[in-house]
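Undergrad: Submitted below is the structure of interest, expressed as structure tokens.
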Amino acid sequence: MNNIFVYCEVEEGIVSEVSLELLTKGRSLASQLNCQLEAVVVGSGLKGVEKQILPFGVDVLHIADDKRLEPYTTLPHAAILIKLFEEEKPQIALMGATPIGRDLGPRVSSALHSGLTADCTSLEIGDHEDKKAGVVYKDLLYQIRPAFGGNIIATIINPDCRPQMATVREGVMKKEKINANYPGKVIQLDVAKYVTDLDFAVQIIERHTEKKKINIKGASIVVSGGYGVGSKDNFKLLYDLAAVLGAEVGASRAAVDAGFADHDRQIGQTGITVRPKLYIACGISGQVQHRAGMEESAQIISINSDPEAPINSIADYVITGDIAEVIPKMIKYYKLNTK
Amino acid sequence: MKGLKIIVLAKQVPDTRNVGKDAMKADGTVNRAALPAIFNPEDLNALELALRVKDTIPGTTITILTMGPGRAAEIIREGLYRGADSGVLLTDRAFAGSDTLATSYALAQAIKEMGHFDLIVAGRQAIDGDTAQVGPQVAEKLNLPQVTYVEEVLSIDKSAIVMRRRLDNGVETVKSPFPMLLTVNGSAPDCRSRNVKMLMKYKHARTITEKQEATEDYTHLYDSRPFLYIREMTVADIKTDADQLGLTGSPTKVKKIDNVVLQAKDAKKMSNADDGINDLMRELIESHVIG
């Protein structure tokens with residue numbers, strides 16, 4: 001009772017990266033709170049899935065295995081979580097801020113009347129004193145996220161309602177197995193007790209899974225452009241530099257909104273989180289939402305015509321100048337200095 | 001087939017995408033008053049999707065429902081100019097401080113007072129919070145099936161709606177019975193612009209509060225043109241449990257707000273002249289960051 005639960009996404013038997021990252025975070029929170037870490041996996045053909053999950057330090061794994069549960073639809077997954085949470089009364093429940101987690105989390109939190117914080121960038125444990133009511137709440141989950149267009153960082157708490165629910169994007173938390181033979185318990189749920197035929201009202205007629213072609217997350221160098229790049233044409237310069245350096249091209253939300261780059265290149269709180277060896281920010285002002293997706297880069301170069309651009313304050317190198325002049329020079333001197 | 005009754009959920013939001021220099025105060029915090037209030041972008045995608053259903057199925061009506069302060073009536077008018085048929089403004093001090101759950105509760109209770117509907121259409125998320133929670137939470141409160149991230153309605157018949165959803169790694173075609181709630185992704189078609197005829201027709205559309213505050217007297221207009229009436233709902237008009245409203249009804253509380261004031265770190269300023277760039281590239285290559 002009152003343990004930490006992580007909802008693990010699974011597709012064709014493979015548990016998603018973000019779920020493993022959340023298990024790692026869940027493990028450290030559980031140790032801090034002196035409670036157990038439990039995981040839930042809902043899908044089809046899940047035989048042996050515990051081998052992927054238990055090594056992250058999971059004490060109890062609940063498996064709901066039924067061919068109707070994959071691919072994911074909202075209602076049956078929500079029904080299982082709602083009932084399981086009513087039975088088990090977790091104090092904290094975490095899921096990925098993925099298309100699935102962001103579809104499922106609100107539905108579950110509404111049914112349980114528990115608070116949910118989306119897209120957290122950090123989770124911590126701490127106390128809270130409500131001075132008006134004269135109550136001190138011990139060991140709450142601090143859910144920390146940028147808000148208001150990234151201009152503020154809010155720490156959100158759920159003093160009274162349980163579970164305290166949060167979603168976290170892929171790549172924000174570390175992933176770390178603790179013991180390949182961690183002795184966790186596996187519980188097979190009787191799916192028929194959790195779902196009804198009405199939960200299958202929405203049918204999937206067709207799916208095309210397109211594997212992501214670009215892999216910004218895996219790139220050791222990212223050349224990224226913002227609104228300051230100015231045009232889709234100027235963005236081509238970024239691709240040129242990326243090609244020379246063996247880098248991937250990313251973009252800020254402003255650049256994506258302006259149509260300079262595709263949505264799947266967006267870096268930041270509502271996009272991808274990257275931690276490359278080198279992040280070259282071109283014409284990016286550096287709103288917090290963007291920084292949330294890149295500030296852990298080992299080295300940051302900012303190229304911006306505005307010497308006061310906020311991103312310069314987290315950069316290791318600042319070049320004040322026009323992208324159209326600076327990038328060709330970088331390509332030229334890179335080529336001159338290698339070989 | 002007969003027309004559908006559609007409710008579009010919309011929100012007036014501060015335009016957080018355009019936080020320019022003048023929108024920042026000297027201490028580095030946001031001057032919220034300087035941000036323009038706009039129709040939440042993905043709610044416009046939602047309105048367009050509803051308008052396309054109306055184009056295909058004659059007799060369909062669209063009602064815009066928004067919760068917010070009195071001035072949020074602006075986005076209802078904006079919706080009327082683009083082809084919506086009516087609007088409801090849910091406004092009351094009792095809603096102040098609502099988190100997504102308390103907002104969803106209030107919206108769901110208002111929808112219950114609005115009579116029969118077939119479809120609720122909402123934007124995926126609002127740009128001031130980016131939570132994407134209100135759509136699914138309203139669906140849960142009304143016990144409706146939900147389909148999120150919809151890009152296009154592919155077909156509709158008496159019993160079901162078929163939609164295409166956009167996911168991170170592909171697309172999905174799904175079918176749902178009515179009534180249902182769907183949320184619309186920003187990759188869906190942009191909203192059409194204002195229609196001049198509708199602009200003329202609805203430019204005096206007002207809520208009761210706006211009529212009372214107006215300096216010019218258009219009373220004669222409202223008597224002869226009932227469509228100029230924007231319905232205003234307060235807590236008194238809906239059945240609610242006070243424990244579920246506003247700050248009290250919000251399980252999440254804001255413990256702390258840190259305004260983002262960027263801390264300076266020691267940055268090497270490199271010249272944009274040839275020498276500077278040459279030095280930079282050489283330094284990066286020598287430290288094995290690149291190359």
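Identifiers for the structure tokens are assigned positionally: chains receive A, B, ... in sequence, residues are indexed from 1 per chain, and ligands are indexed from 1 in the order shown.
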Residues of chain B within 6 Å of chain A, counting only C-alpha atoms - could you list those as a ChimeraX atom specification?
TA: /B:16,128-129,131,133,136-137,140,169-176,251-260,264-265,267-270,272,278,281
Undergrad: Quick one: of B:Cys191, B:Val153, B:Val88, B:Ile127, who's nearest to Glu74 of chain B, counting only C-alpha atoms?
TA: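 Looking at the shortest contact to Glu74 of chain B, the residue is B:Val88.
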Undergrad: Run DSSP on the backbone and give me the residues of segment 71-162 of chain B it puts in alpha helix (DSSP H), as a PyMOL selection string.
TA: chain B and resi 73-82+100-113+134-141
Undergrad: As a PyMOL selection string, please: all residues of segment 21-150 of chain A that backbone DSSP puts in strand (DSSP E or B).
TA: chain A and resi 37-43+60-65+92-96+116-120+122-130+135-147
Undergrad: Do a neighbour search on Glu12 of chain A at 9 Å with only C-alpha atoms, toss out local chain neighbours closer than 6 positions, and write the hits as a PyMOL selection string.
TA: chain A and resi 43-46+70-71
Undergrad: Write out, as a PDB file, in the first residue's frame, the residues just selected, with C-alpha atoms.
TA:
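This is the output file out_29.pdb:
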```pdb
ATOM      1  CA  GLY A  43      -0.660  -5.082 -23.433  1.00  0.00           C
ATOM      2  CA  SER A  44      -0.637  -8.334 -25.347  1.00  0.00           C
ATOM      3  CA  GLY A  45       1.874 -11.193 -25.605  1.00  0.00           C
ATOM      4  CA  LEU A  46       3.747 -10.073 -22.503  1.00  0.00           C
ATOM      5  CA  GLU A  70      -2.685  -3.834 -27.791  1.00  0.00           C
ATOM      6  CA  PRO A  71      -2.445  -1.598 -29.692  1.00  0.00           C
TER       7      PRO A  71
END
```
Undergrad: Atom CA of Lys201 of chain B and atom CA of Asp237 of chain B, how far apart in Å?
TA: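 According to the coordinates, atom CA of Asp237 of chain B and atom CA of Lys201 of chain B are separated by 27.6 Å.
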Undergrad: Would you mind reading off the distance between atom CA of Ala126 of chain B and atom CA of Val150 of chain B, one decimal, in Å?
TA: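 About the pair atom CA of Ala126 of chain B and atom CA of Val150 of chain B: they are 15.4 Å apart.
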Undergrad: Give me the residues near Leu37 of chain A as a list in words, where near means some atom within 7 Å (using only C-alpha atoms) and where sequence neighbours in that chain fewer than 4 positions away do not count.
TA: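 Contacts, in chain order: Asn3, Ile4, Phe5, Gly26, Arg27, Ala30, Val58, Asp59 and Val60 of chain A.
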Undergrad: Given the selection you just returned, output its residues as a file containing C-alpha atoms, formatted as an mmCIF file, in the first residue's frame.
TA:
```
data_model
loop_
_atom_site.group_PDB
_atom_site.id
_atom_site.type_symbol
_atom_site.label_atom_id
_atom_site.label_comp_id
_atom_site.auth_asym_id
_atom_site.auth_seq_id
_atom_site.Cartn_x
_atom_site.Cartn_y
_atom_site.Cartn_z
ATOM 1 C CA ASN A 3 3.783 2.620 -2.939
ATOM 2 C CA ILE A 4 5.106 4.275 -6.075
ATOM 3 C CA PHE A 5 3.618 3.040 -9.351
ATOM 4 C CA GLY A 26 10.779 5.679 -9.173
ATOM 5 C CA ARG A 27 13.401 3.412 -7.579
ATOM 6 C CA ALA A 30 10.919 4.719 -3.318
ATOM 7 C CA VAL A 58 10.833 -3.148 -9.167
ATOM 8 C CA ASP A 59 9.384 -4.899 -6.125
ATOM 9 C CA VAL A 60 5.995 -5.768 -7.612
#
```
Undergrad: Please provide as JSON, numbers by chain all residues within 12 Å of Glu38 of chain A, with the sequence filter that same-chain residues fewer than 6 positions apart are discarded (counting only C-alpha atoms).
TA: {"A": [1, 2, 3, 4, 5, 6, 7, 8, 22, 23, 24, 26, 27, 29, 30, 50, 53, 54, 56, 57, 58, 59, 60, 61, 62, 63, 84, 85, 88, 89, 90, 91, 92, 93, 94, 184, 185, 186, 187]}
Undergrad: For the selection just defined, write its residues with N, CA and C atoms to a file, as a CSV table (one decimal), in the first residue's frame.
TA:
```
chain,number,residue,atom,x,y,z
A,1,MET,N,0.8,-1.2,0.0
A,1,MET,CA,0.0,0.0,0.0
A,1,MET,C,0.9,1.3,0.0
A,2,ASN,N,0.3,2.3,-0.6
A,2,ASN,CA,1.0,3.6,-0.6
A,2,ASN,C,2.4,3.6,-1.2
A,3,ASN,N,2.5,2.7,-2.3
A,3,ASN,CA,3.8,2.6,-2.9
A,3,ASN,C,3.8,3.6,-4.1
A,4,ILE,N,5.0,3.5,-4.9
A,4,ILE,CA,5.1,4.3,-6.1
A,4,ILE,C,4.8,3.4,-7.3
A,5,PHE,N,4.0,3.8,-8.2
A,5,PHE,CA,3.6,3.0,-9.4
A,5,PHE,C,4.1,3.7,-10.6
A,6,VAL,N,4.7,2.9,-11.5
A,6,VAL,CA,5.1,3.4,-12.8
A,6,VAL,C,4.3,2.6,-13.9
A,7,TYR,N,3.6,3.4,-14.7
A,7,TYR,CA,2.9,2.7,-15.9
A,7,TYR,C,3.9,2.6,-17.0
A,8,CYS,N,4.2,1.3,-17.4
A,8,CYS,CA,5.2,1.0,-18.4
A,8,CYS,C,4.5,0.8,-19.7
A,22,LEU,N,11.7,6.2,-16.0
A,22,LEU,CA,10.8,6.4,-14.9
A,22,LEU,C,10.9,5.4,-13.8
A,23,LEU,N,11.2,4.2,-14.2
A,23,LEU,CA,11.5,3.1,-13.2
A,23,LEU,C,12.7,3.5,-12.4
A,24,THR,N,13.7,4.0,-13.1
A,24,THR,CA,15.0,4.4,-12.4
A,24,THR,C,14.7,5.5,-11.4
A,26,GLY,N,11.7,6.3,-10.2
A,26,GLY,CA,10.8,5.7,-9.2
A,26,GLY,C,11.5,4.9,-8.1
A,27,ARG,N,12.6,4.2,-8.5
A,27,ARG,CA,13.4,3.4,-7.6
A,27,ARG,C,14.0,4.3,-6.6
A,29,LEU,N,13.1,7.4,-5.7
A,29,LEU,CA,12.1,8.0,-4.9
A,29,LEU,C,11.6,7.0,-3.8
A,30,ALA,N,11.4,5.7,-4.2
A,30,ALA,CA,10.9,4.7,-3.3
A,30,ALA,C,11.9,4.5,-2.2
A,50,GLU,N,8.8,-9.3,-17.6
A,50,GLU,CA,9.4,-9.0,-16.3
A,50,GLU,C,10.9,-8.9,-16.4
A,53,ILE,N,11.9,-5.4,-16.8
A,53,ILE,CA,11.4,-4.4,-15.8
A,53,ILE,C,12.0,-4.6,-14.4
A,54,LEU,N,12.0,-5.9,-14.0
A,54,LEU,CA,12.4,-6.1,-12.6
A,54,LEU,C,13.9,-5.6,-12.3
A,56,PHE,N,15.3,-3.0,-12.8
A,56,PHE,CA,15.4,-1.6,-12.4
A,56,PHE,C,15.0,-1.4,-10.9
A,57,GLY,N,14.8,-2.6,-10.2
A,57,GLY,CA,14.6,-2.5,-8.8
A,57,GLY,C,13.1,-2.4,-8.5
A,58,VAL,N,12.3,-3.1,-9.4
A,58,VAL,CA,10.8,-3.1,-9.2
A,58,VAL,C,10.5,-4.3,-8.2
A,59,ASP,N,9.7,-3.9,-7.1
A,59,ASP,CA,9.4,-4.9,-6.1
A,59,ASP,C,8.2,-5.7,-6.5
A,60,VAL,N,7.2,-5.1,-7.2
A,60,VAL,CA,6.0,-5.8,-7.6
A,60,VAL,C,5.7,-5.3,-9.0
A,61,LEU,N,5.4,-6.3,-9.9
A,61,LEU,CA,5.0,-6.0,-11.3
A,61,LEU,C,3.6,-6.5,-11.5
A,62,HIS,N,2.7,-5.7,-12.0
A,62,HIS,CA,1.3,-6.1,-12.3
A,62,HIS,C,1.3,-6.2,-13.8
A,63,ILE,N,0.8,-7.4,-14.3
A,63,ILE,CA,0.8,-7.5,-15.8
A,63,ILE,C,-0.7,-7.8,-16.2
A,84,LEU,N,-7.1,-0.6,-10.4
A,84,LEU,CA,-5.9,-1.0,-9.7
A,84,LEU,C,-5.4,0.0,-8.7
A,85,PHE,N,-5.5,1.3,-9.1
A,85,PHE,CA,-5.1,2.4,-8.1
A,85,PHE,C,-6.1,2.5,-7.0
A,88,GLU,N,-4.9,-0.5,-4.8
A,88,GLU,CA,-3.6,-0.4,-4.2
A,88,GLU,C,-3.2,0.9,-3.6
A,89,LYS,N,-4.0,2.0,-3.9
A,89,LYS,CA,-3.8,3.3,-3.3
A,89,LYS,C,-2.3,3.7,-3.3
A,90,PRO,N,-1.8,3.9,-4.5
A,90,PRO,CA,-0.4,4.4,-4.6
A,90,PRO,C,-0.3,5.8,-4.1
A,91,GLN,N,0.9,6.2,-3.5
A,91,GLN,CA,1.0,7.6,-3.2
A,91,GLN,C,1.5,8.4,-4.4
A,92,ILE,N,2.2,7.8,-5.3
A,92,ILE,CA,2.8,8.4,-6.4
A,92,ILE,C,2.5,7.5,-7.7
A,93,ALA,N,2.1,8.1,-8.8
A,93,ALA,CA,2.0,7.4,-10.0
A,93,ALA,C,2.6,8.2,-11.1
A,94,LEU,N,3.6,7.5,-11.9
A,94,LEU,CA,4.3,8.2,-12.9
A,94,LEU,C,4.0,7.6,-14.3
A,184,GLY,N,11.9,-9.3,-7.7
A,184,GLY,CA,10.6,-8.7,-7.6
A,184,GLY,C,9.5,-9.7,-7.8
A,185,LYS,N,8.3,-9.4,-7.4
A,185,LYS,CA,7.2,-10.3,-7.5
A,185,LYS,C,6.3,-9.9,-8.7
A,186,VAL,N,5.8,-11.0,-9.4
A,186,VAL,CA,5.0,-10.7,-10.6
A,186,VAL,C,3.6,-11.1,-10.3
A,187,ILE,N,2.6,-10.2,-10.6
A,187,ILE,CA,1.2,-10.5,-10.4
A,187,ILE,C,0.5,-10.4,-11.8
```
Undergrad: May I ask for the distance between atom CA of Ala255 of chain A and atom CA of Leu167 of chain B, given in Å to one decimal place?
TA: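 Computing it gives 20.6 Å between the two atoms.
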Undergrad: Give me, as a ChimeraX atom specification, all polymer residues having an atom no more than 7 Å from Gly3 of chain B, counting only C-alpha atoms and skipping those fewer than 5 positions away in the same chain.
TA: /B:57-60
Undergrad: Could you save the residues just selected, with C-alpha atoms, as a PDB file, in the first residue's frame?
TA:
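As written to disk, selection_9.pdb reads:
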```pdb
ATOM      1  CA  ILE B  57     -23.527  17.612 -43.139  1.00  0.00           C
ATOM      2  CA  PRO B  58     -26.201  20.285 -43.577  1.00  0.00           C
ATOM      3  CA  GLY B  59     -28.094  21.238 -40.444  1.00  0.00           C
ATOM      4  CA  THR B  60     -25.024  20.822 -38.218  1.00  0.00           C
TER       5      THR B  60
END
```
Undergrad: Taking into account only C-alpha atoms, which residue in the set B:Ala72, B:Ala102, B:Leu107, B:Leu9 is nearest to Glu210 of chain B?
TA: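 When distances to Glu210 of chain B are compared using only C-alpha atoms, the smallest one comes from B:Ala72.
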